[in-house]
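**Q** Just so it is clear, I am handing over input.txt, which has compact mmCIF, C-alpha atoms and all ligand atoms.
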# COMPACT_ATOMS: atom_id res chain seq x y z
CA MET A 658 16.74 -32.50 41.41
CA THR A 659 18.10 -33.27 37.97
CA PRO A 660 16.39 -35.94 35.89
CA THR A 661 19.37 -38.25 36.42
CA ASP A 662 19.11 -38.22 40.20
CA PRO A 663 17.99 -41.47 41.73
CA PRO A 664 14.54 -40.94 43.23
CA ASP A 665 15.40 -42.48 46.59
CA GLN A 666 18.13 -40.03 47.63
CA GLY A 667 15.84 -37.43 49.10
CA VAL A 668 18.42 -34.72 48.50
CA SER A 669 18.99 -32.54 45.52
CA ALA A 670 21.27 -29.79 44.33
CA ALA A 671 18.90 -26.97 43.51
CA ASP A 672 21.39 -24.77 41.76
CA PRO A 673 24.68 -25.47 40.11
CA VAL A 674 27.63 -24.65 42.35
CA ASP A 675 29.82 -22.11 40.64
CA ASP A 676 32.84 -23.24 42.60
CA ALA A 677 35.21 -25.29 40.49
CA ALA A 678 36.47 -27.60 43.20
CA ALA A 679 33.01 -28.25 44.51
CA THR A 680 31.56 -28.81 41.09
CA GLU A 681 34.25 -31.35 40.34
CA THR A 682 33.07 -33.53 43.17
CA ALA A 683 29.36 -32.88 42.74
CA GLY A 684 27.94 -35.97 41.18
CA PRO A 685 24.33 -36.64 40.45
CA ALA A 686 24.72 -39.77 42.57
CA ASP A 687 24.26 -37.90 45.85
CA GLY A 688 22.39 -34.87 44.65
CA GLY A 689 24.54 -32.19 46.22
CA VAL A 690 26.03 -33.76 49.33
CA SER A 691 29.48 -34.11 47.73
CA ALA A 692 29.38 -30.53 46.49
CA ALA A 693 28.46 -29.33 49.95
CA ARG A 694 31.14 -31.46 51.57
CA ALA A 695 33.77 -30.07 49.22
CA LEU A 696 32.79 -26.51 50.09
CA LEU A 697 32.70 -27.30 53.79
CA GLY A 698 36.06 -29.09 53.67
CA ARG A 699 37.77 -26.02 52.26
CA ALA A 700 36.04 -23.39 54.37
CA ARG A 701 38.03 -21.81 57.18
CA ARG A 702 35.38 -19.48 58.54
CA VAL A 703 31.94 -21.02 58.80
CA VAL A 704 28.65 -19.67 60.08
CA VAL A 705 25.93 -22.18 60.93
CA LEU A 706 22.52 -20.49 61.07
CA THR A 707 19.79 -22.67 62.52
CA GLY A 708 16.06 -22.42 62.97
CA ALA A 709 13.30 -24.51 64.48
CA GLY A 710 13.83 -27.32 61.93
CA VAL A 711 17.13 -28.34 63.52
CA SER A 712 15.27 -29.21 66.72
CA ALA A 713 12.22 -30.75 65.01
CA GLU A 714 13.69 -34.25 65.19
CA SER A 715 14.22 -33.78 68.92
CA GLY A 716 10.43 -33.50 69.19
CA ILE A 717 10.19 -29.71 69.49
CA PRO A 718 7.42 -28.35 67.27
CA THR A 719 8.39 -25.71 64.71
CA PHE A 720 6.49 -22.45 64.53
CA ARG A 721 4.51 -23.59 61.49
CA ASP A 722 3.35 -26.86 63.15
CA ALA A 723 -0.19 -26.92 64.48
CA LEU A 724 -0.33 -26.65 68.27
CA THR A 725 -2.05 -29.24 70.44
CA GLY A 726 -3.81 -29.45 73.82
CA LEU A 727 -4.75 -26.13 75.42
CA TRP A 728 -2.76 -24.36 72.73
CA GLU A 729 -4.73 -25.87 69.85
CA ARG A 730 -6.88 -22.79 69.44
CA PHE A 731 -3.88 -20.51 69.15
CA ASP A 732 -1.28 -19.70 66.59
CA ALA A 733 2.30 -19.70 67.91
CA GLN A 734 2.87 -16.35 66.28
CA GLU A 735 -0.08 -14.82 68.11
CA LEU A 736 1.20 -16.01 71.48
CA ALA A 737 4.72 -14.73 70.85
CA THR A 738 3.91 -11.03 71.15
CA PRO A 739 4.12 -8.38 73.89
CA ARG A 740 0.43 -7.68 73.27
CA ALA A 741 -0.56 -11.28 74.02
CA PHE A 742 1.44 -11.20 77.26
CA ARG A 743 -0.15 -7.92 78.36
CA ALA A 744 -3.62 -9.21 77.52
CA ASP A 745 -3.27 -12.61 79.17
CA PRO A 746 0.01 -13.15 81.07
CA ALA A 747 -1.06 -16.54 82.47
CA LEU A 748 -1.79 -17.90 78.99
CA VAL A 749 1.54 -16.78 77.57
CA TRP A 750 3.65 -17.69 80.62
CA GLY A 751 1.92 -21.10 80.71
CA TRP A 752 2.75 -21.63 77.05
CA TYR A 753 6.42 -20.82 77.53
CA GLU A 754 6.67 -22.99 80.64
CA TRP A 755 5.10 -25.80 78.61
CA ARG A 756 7.71 -25.21 75.91
CA ARG A 757 10.47 -25.20 78.52
CA THR A 758 9.18 -28.57 79.73
CA VAL A 759 9.24 -29.97 76.19
CA VAL A 760 12.79 -28.69 75.67
CA THR A 761 14.02 -29.95 79.05
CA ARG A 762 12.77 -33.45 78.24
CA ALA A 763 14.16 -33.38 74.69
CA ARG A 764 17.62 -34.51 73.71
CA PRO A 765 19.96 -33.12 71.09
CA ASN A 766 19.63 -35.01 67.82
CA PRO A 767 22.35 -35.97 65.29
CA ALA A 768 22.00 -32.56 63.61
CA HIS A 769 22.98 -30.71 66.80
CA LEU A 770 25.84 -33.17 67.30
CA ALA A 771 27.06 -32.66 63.73
CA VAL A 772 27.10 -28.87 64.24
CA ALA A 773 29.21 -29.33 67.38
CA ALA A 774 31.57 -31.67 65.51
CA LEU A 775 31.93 -29.14 62.70
CA ALA A 776 32.76 -26.37 65.17
CA ALA A 777 35.33 -28.59 66.87
CA ARG A 778 36.96 -29.35 63.52
CA THR A 779 36.80 -25.82 62.11
CA PRO A 780 37.68 -23.52 64.99
CA GLU A 781 36.43 -20.35 63.31
CA THR A 782 32.87 -21.55 63.27
CA VAL A 783 30.13 -19.35 64.68
CA VAL A 784 26.83 -21.02 65.53
CA VAL A 785 23.93 -18.59 65.26
CA THR A 786 20.48 -19.81 66.19
CA GLN A 787 16.99 -18.42 66.18
CA ASN A 788 16.01 -21.15 68.60
CA VAL A 789 15.32 -20.44 72.24
CA ASP A 790 16.17 -23.99 73.31
CA ASP A 791 19.58 -25.10 74.60
CA LEU A 792 20.06 -28.17 72.42
CA HIS A 793 23.12 -26.84 70.57
CA GLU A 794 24.83 -26.24 73.91
CA ARG A 795 23.83 -29.65 75.22
CA ALA A 796 25.27 -31.21 72.05
CA GLY A 797 28.61 -29.58 72.80
CA SER A 798 28.58 -26.26 70.92
CA GLY A 799 30.16 -23.95 73.46
CA ASP A 800 29.54 -20.51 72.10
CA VAL A 801 26.11 -20.11 70.55
CA VAL A 802 24.72 -16.75 69.43
CA HIS A 803 21.03 -16.71 70.39
CA LEU A 804 19.34 -14.13 68.17
CA HIS A 805 15.90 -14.63 69.69
CA GLY A 806 16.85 -15.06 73.35
CA SER A 807 16.44 -18.11 75.54
CA LEU A 808 13.72 -19.99 77.40
CA PHE A 809 16.13 -20.15 80.31
CA GLN A 810 16.65 -16.44 80.95
CA PRO A 811 13.35 -14.91 82.09
CA ARG A 812 13.30 -11.34 83.34
CA CYS A 813 10.93 -8.81 84.81
CA ALA A 814 8.61 -7.34 82.17
CA ASP A 815 8.74 -3.97 83.96
CA CYS A 816 12.29 -3.45 85.25
CA ALA A 817 14.20 -6.16 83.29
CA GLU A 818 15.70 -7.65 86.47
CA PRO A 819 16.77 -11.23 85.61
CA TRP A 820 14.63 -13.84 87.33
CA ARG A 821 16.26 -17.03 88.52
CA LEU A 822 14.43 -20.12 87.44
CA PRO A 823 13.93 -22.65 90.21
CA GLY A 824 16.57 -25.41 90.26
CA GLU A 825 14.21 -28.18 89.26
CA PRO A 826 13.22 -28.50 85.60
CA ALA A 827 9.82 -27.36 84.40
CA ASP A 828 7.22 -30.09 84.65
CA GLU A 829 4.09 -28.92 82.89
CA PRO A 830 1.26 -31.29 81.89
CA ALA A 831 1.42 -32.53 78.30
CA GLU A 832 -1.79 -30.69 77.37
CA GLY A 833 -0.52 -27.42 78.87
CA ARG A 834 -2.21 -25.07 81.34
CA ARG A 835 -2.54 -21.43 82.18
CA LEU A 836 0.03 -20.36 84.73
CA PRO A 837 0.31 -16.91 86.29
CA PRO A 838 3.87 -15.59 85.93
CA PRO A 839 5.98 -15.16 89.06
CA ARG A 840 6.48 -11.61 90.38
CA CYS A 841 9.78 -9.79 90.22
CA ALA A 842 11.67 -9.79 93.54
CA ARG A 843 12.69 -6.16 93.01
CA CYS A 844 9.58 -4.38 91.73
CA SER A 845 6.79 -7.01 91.81
CA GLY A 846 6.27 -6.71 88.07
CA PRO A 847 5.30 -9.81 86.11
CA VAL A 848 8.17 -12.04 85.01
CA ARG A 849 8.28 -12.65 81.25
CA PRO A 850 10.15 -15.17 79.10
CA GLY A 851 13.60 -14.05 77.99
CA VAL A 852 12.78 -14.44 74.33
CA VAL A 853 12.39 -11.93 71.52
CA TRP A 854 8.76 -11.51 70.54
CA PHE A 855 7.39 -10.30 67.23
CA GLY A 856 7.79 -6.55 67.07
CA GLU A 857 10.70 -6.49 69.54
CA ALA A 858 14.32 -5.64 68.82
CA LEU A 859 16.93 -8.39 68.81
CA PRO A 860 19.68 -8.29 71.43
CA GLU A 861 22.13 -5.83 69.93
CA ALA A 862 25.38 -7.65 70.73
CA ALA A 863 24.08 -10.96 69.36
CA LEU A 864 22.86 -9.39 66.13
CA GLU A 865 26.08 -7.48 65.65
CA ARG A 866 28.15 -10.62 66.12
CA ALA A 867 25.97 -12.59 63.72
CA VAL A 868 26.15 -9.95 60.98
CA GLU A 869 29.92 -9.57 61.37
CA ALA A 870 30.41 -13.33 61.23
CA ALA A 871 28.17 -13.64 58.15
CA ALA A 872 30.07 -10.86 56.37
CA ALA A 873 33.44 -12.45 57.16
CA CYS A 874 32.74 -16.14 56.56
CA ASP A 875 33.68 -18.35 53.58
CA LEU A 876 30.60 -20.46 53.98
CA LEU A 877 27.21 -20.11 55.62
CA LEU A 878 25.27 -23.29 56.35
CA VAL A 879 21.60 -22.53 56.94
CA VAL A 880 19.54 -25.29 58.50
CA GLY A 881 15.86 -25.67 59.26
CA THR A 882 14.58 -22.14 58.94
CA SER A 883 11.75 -20.84 56.81
CA GLY A 884 13.81 -17.68 56.25
CA LEU A 885 10.79 -15.48 56.79
CA VAL A 886 11.69 -13.66 59.99
CA TYR A 887 14.05 -10.70 59.72
CA PRO A 888 16.72 -9.69 60.48
CA ALA A 889 17.91 -13.31 60.90
CA ALA A 890 16.68 -14.08 57.37
CA GLU A 891 19.05 -11.45 56.03
CA LEU A 892 22.18 -13.33 57.16
CA PRO A 893 22.44 -15.76 54.19
CA HIS A 894 22.10 -12.76 51.87
CA VAL A 895 24.82 -10.87 53.75
CA ALA A 896 27.16 -13.86 53.48
CA SER A 897 26.43 -14.28 49.78
CA ARG A 898 26.93 -10.57 49.06
CA PHE A 899 30.34 -10.75 50.72
CA GLY A 900 31.36 -13.70 48.56
CA ALA A 901 30.62 -16.71 50.79
CA SER A 902 28.96 -19.90 49.59
CA VAL A 903 25.57 -20.72 51.06
CA ILE A 904 24.45 -24.29 51.72
CA GLN A 905 20.88 -24.93 52.84
CA VAL A 906 19.45 -28.02 54.54
CA ASN A 907 15.66 -28.13 54.65
CA PRO A 908 13.05 -30.67 53.51
CA GLN A 909 10.82 -27.89 52.13
CA PRO A 910 11.26 -25.02 49.71
CA THR A 911 12.01 -21.80 51.59
CA ALA A 912 12.74 -18.14 51.11
CA VAL A 913 16.45 -19.03 51.36
CA ASP A 914 16.33 -21.09 48.14
CA GLU A 915 17.11 -18.09 45.98
CA VAL A 916 20.45 -17.48 47.65
CA ALA A 917 21.56 -21.09 48.29
CA ASP A 918 24.44 -22.37 46.14
CA VAL A 919 23.69 -25.92 47.24
CA ASN A 920 20.25 -26.85 48.44
CA LEU A 921 19.92 -30.17 50.23
CA HIS A 922 16.31 -31.24 50.56
CA GLY A 923 15.89 -33.51 53.55
CA PRO A 924 15.85 -33.69 57.32
CA ALA A 925 18.75 -32.15 59.21
CA ALA A 926 19.36 -35.16 61.46
CA ARG A 927 20.16 -37.25 58.39
CA LEU A 928 21.87 -34.71 56.16
CA LEU A 929 24.10 -32.84 58.62
CA PRO A 930 25.96 -35.98 59.79
CA ALA A 931 26.40 -36.89 56.10
CA LEU A 932 27.82 -33.44 55.42
CA VAL A 933 30.11 -33.23 58.40
CA GLY A 934 31.11 -36.88 58.83
CA GLU A 935 34.46 -38.29 57.89
CA PRO A 936 34.86 -39.15 54.20
CA ALA A 937 33.93 -42.75 53.47
CA ALA A 938 36.95 -44.99 52.95
CA SER A 939 37.51 -45.64 49.26
N1 LIG B 1001 15.19 -30.73 59.24
C1 LIG B 1001 15.43 -29.53 58.68
N2 LIG B 1001 14.47 -28.59 58.53
C2 LIG B 1001 13.23 -28.89 58.95
C3 LIG B 1001 12.91 -30.13 59.55
C4 LIG B 1001 13.97 -31.07 59.68
N3 LIG B 1001 13.76 -32.28 60.23
N4 LIG B 1001 11.59 -30.12 59.88
C5 LIG B 1001 11.11 -28.92 59.50
N5 LIG B 1001 12.09 -28.18 58.94
C6 LIG B 1001 12.02 -26.83 58.40
C7 LIG B 1001 10.68 -26.45 57.80
O1 LIG B 1001 10.58 -26.89 56.46
C8 LIG B 1001 10.73 -24.93 57.91
O2 LIG B 1001 11.32 -24.35 56.76
O3 LIG B 1001 12.21 -25.93 59.45
C9 LIG B 1001 11.63 -24.68 59.12
C10 LIG B 1001 10.92 -24.17 60.35
O4 LIG B 1001 10.42 -22.92 60.07
P1 LIG B 1001 9.80 -21.99 61.22
O5 LIG B 1001 8.86 -22.78 62.05
O6 LIG B 1001 9.32 -20.78 60.53
O7 LIG B 1001 11.04 -21.70 62.16
P2 LIG B 1001 12.11 -20.56 62.07
O8 LIG B 1001 12.49 -20.28 60.67
O9 LIG B 1001 13.19 -20.94 63.04
O10 LIG B 1001 11.31 -19.33 62.65
C11 LIG B 1001 11.99 -18.12 62.82
O11 LIG B 1001 10.09 -17.10 63.77
O12 LIG B 1001 8.27 -17.59 65.09
C12 LIG B 1001 9.48 -16.92 65.03
O13 LIG B 1001 10.99 -16.26 66.72
C13 LIG B 1001 10.43 -17.38 66.09
O14 LIG B 1001 12.76 -18.03 65.93
C14 LIG B 1001 11.48 -18.11 65.30
C15 LIG B 1001 11.45 -17.38 63.98
Please go through the file and, once you have read it, give me the structure as structure tokens.
**A**
Amino acid sequence: MTPTDPPDQGVSAADPVDDAAATETAGPADGGVSAARALLGRARRVVVLTGAGVSAESGIPTFRDALTGLWERFDAQELATPRAFRADPALVWGWYEWRRTVVTRARPNPAHLAVAALAARTPETVVVTQNVDDLHERAGSGDVVHLHGSLFQPRCADCAEPWRLPGEPADEPAEGRRLPPPRCARCSGPVRPGVVWFGEALPEAALERAVEAAAACDLLLVVGTSGLVYPAAELPHVASRFGASVIQVNPQPTAVDEVADVNLHGPAARLLPALVGEPAAS
């Protein structure tokens, strides 16, 4: 934030935008929102890369939030590993079913809706998410690239046969519980969540699409990710290397700061509608 920024804006332009048109409209009055809107308004090919922060205001804890209830003693990153599942399948399956319950009860927030509105307005928009929830889809984004899989596509841990979730939504107690995983109908192996765990490869087609879109876009908008987990964290760098502008929305400093042309510090549910919304009548 520059010294002339009003203290109550909650947003700031971290770095000067080296784009003439954007810089023209970037005033200290809104600390970067105008600059970002100018870039977004001119972009034809947009990639929106989201992380857990975009769903935080829907009540879904991020990976850096402390866990509660039965999960209090654990670190999310310890539970999200093949080793944890092998060691204690009921603990890990129970955790993911609890997360599926939280997601099922959650609703898309204005950030998800703004992403869908942006994609509707700019047809060559690719939404890439690290999230395993379905809130982008429920907000109206039709074609979402899920880099880290989905809570809704479990499969057999042994033979990879997809496992159909029962029709009714998950309904786990708020404090969580251990829950033995179902057995595969084909080989009786344990069913595992359809997510990418630490140490596992990303789905090839999804990663390929994301990298191609990042290399070809005019603008990459990165929202609510700590930018620590690769290869997803590489995407803003790929876009920047190929000449695209990078806009970040995040209330905290992140590893993406160094590559962001415009850095908007604040919550996604407030800033994304401001970025994407119609210009105010003058
Ligand atoms: N709006 C925008 N960003 C927010 C908000 C909000 N309301 N609340 C929190 N954030 C930001 C945090 O400041 C943080 O930078 O969201 C980010 C969440 O970071 P992580 O929990 O690390 O989530 P993410 O970057 O998506 O994690 C990447 O790591 O654990 C693995 O596979 C998992 O997909 C996940 C990956």
**Q** Which residue is closest to ligand LIG 1001 (chain B)? Choose from A:Ala870, A:Leu878, A:Ala744, A:Val789 and count all atoms listed in the file.
**A**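 Using all atoms listed in the file, the shortest distance to ligand LIG 1001 (chain B) belongs to A:Val789.
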**Q** My list of candidates is A:Leu775, A:Val749, A:Ala737, A:Leu892. Which is closest to Ala931 in chain A when distances are computed with only C-alpha atoms?
**A**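 Under the stated criterion, the closest residue is A:Leu775.
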**Q** Can you tell me how far CA of Ala723 in chain A sits from CA of Val880 in chain A, in Å to one decimal?
**A**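 So the answer is 20.7 Å.
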**Q** Enumerate, in order of chain and increasing residue number, the residues of chain A with an atom no farther than 6 Å from ligand LIG 1001 (chain B), each with its shortest atom pair and distance in Å to one decimal, counting all atoms listed in the file, as a Markdown table.
**A**
| residue | atom | partner | partner_atom | distance |
| --- | --- | --- | --- | --- |
| A:Gly708 | CA | B:LIG1001 | O9 | 3.2 |
| A:Ala709 | CA | B:LIG1001 | O9 | 3.9 |
| A:Gly710 | CA | B:LIG1001 | O3 | 3.3 |
| A:Val711 | CA | B:LIG1001 | C1 | 5.3 |
| A:Ala713 | CA | B:LIG1001 | N4 | 5.2 |
| A:Glu714 | CA | B:LIG1001 | N3 | 5.3 |
| A:Thr719 | CA | B:LIG1001 | O5 | 4.0 |
| A:Phe720 | CA | B:LIG1001 | O5 | 3.4 |
| A:Arg721 | CA | B:LIG1001 | O5 | 4.5 |
| A:Gln734 | CA | B:LIG1001 | O12 | 5.7 |
| A:Gln787 | CA | B:LIG1001 | O14 | 4.3 |
| A:Asn788 | CA | B:LIG1001 | O14 | 5.2 |
| A:His805 | CA | B:LIG1001 | O14 | 6.0 |
| A:Val880 | CA | B:LIG1001 | C1 | 5.9 |
| A:Gly881 | CA | B:LIG1001 | N2 | 3.3 |
| A:Thr882 | CA | B:LIG1001 | O8 | 3.3 |
| A:Ser883 | CA | B:LIG1001 | O2 | 3.5 |
| A:Gly884 | CA | B:LIG1001 | O8 | 5.3 |
| A:Val886 | CA | B:LIG1001 | C11 | 5.3 |
| A:Val906 | CA | B:LIG1001 | C1 | 6.0 |
| A:Asn907 | CA | B:LIG1001 | N2 | 4.1 |
| A:Pro908 | CA | B:LIG1001 | O1 | 5.4 |
| A:Gln909 | CA | B:LIG1001 | O1 | 4.5 |
| A:Thr911 | CA | B:LIG1001 | O2 | 5.8 |
| A:Pro924 | CA | B:LIG1001 | N1 | 3.6 |
| A:Ala925 | CA | B:LIG1001 | N1 | 3.8 |
**Q** Print the selection's residues with C-alpha atoms to a file, as a PDB file, in the coordinates of the input.
**A**
ATOM      1  CA  GLY A 708      16.060 -22.420  62.970  1.00  0.00           C
ATOM      2  CA  ALA A 709      13.300 -24.510  64.480  1.00  0.00           C
ATOM      3  CA  GLY A 710      13.830 -27.320  61.930  1.00  0.00           C
ATOM      4  CA  VAL A 711      17.130 -28.340  63.520  1.00  0.00           C
ATOM      5  CA  ALA A 713      12.220 -30.750  65.010  1.00  0.00           C
ATOM      6  CA  GLU A 714      13.690 -34.250  65.190  1.00  0.00           C
ATOM      7  CA  THR A 719       8.390 -25.710  64.710  1.00  0.00           C
ATOM      8  CA  PHE A 720       6.490 -22.450  64.530  1.00  0.00           C
ATOM      9  CA  ARG A 721       4.510 -23.590  61.490  1.00  0.00           C
ATOM     10  CA  GLN A 734       2.870 -16.350  66.280  1.00  0.00           C
ATOM     11  CA  GLN A 787      16.990 -18.420  66.180  1.00  0.00           C
ATOM     12  CA  ASN A 788      16.010 -21.150  68.600  1.00  0.00           C
ATOM     13  CA  HIS A 805      15.900 -14.630  69.690  1.00  0.00           C
ATOM     14  CA  VAL A 880      19.540 -25.290  58.500  1.00  0.00           C
ATOM     15  CA  GLY A 881      15.860 -25.670  59.260  1.00  0.00           C
ATOM     16  CA  THR A 882      14.580 -22.140  58.940  1.00  0.00           C
ATOM     17  CA  SER A 883      11.750 -20.840  56.810  1.00  0.00           C
ATOM     18  CA  GLY A 884      13.810 -17.680  56.250  1.00  0.00           C
ATOM     19  CA  VAL A 886      11.690 -13.660  59.990  1.00  0.00           C
ATOM     20  CA  VAL A 906      19.450 -28.020  54.540  1.00  0.00           C
ATOM     21  CA  ASN A 907      15.660 -28.130  54.650  1.00  0.00           C
ATOM     22  CA  PRO A 908      13.050 -30.670  53.510  1.00  0.00           C
ATOM     23  CA  GLN A 909      10.820 -27.890  52.130  1.00  0.00           C
ATOM     24  CA  THR A 911      12.010 -21.800  51.590  1.00  0.00           C
ATOM     25  CA  PRO A 924      15.850 -33.690  57.320  1.00  0.00           C
ATOM     26  CA  ALA A 925      18.750 -32.150  59.210  1.00  0.00           C
TER      27      ALA A 925
END
**Q** For the atom pair CA of Asp914 in chain A and CA of Val703 in chain A, what is the interatomic distance in Å to one decimal place?
**A**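 It comes out at 18.9 Å.
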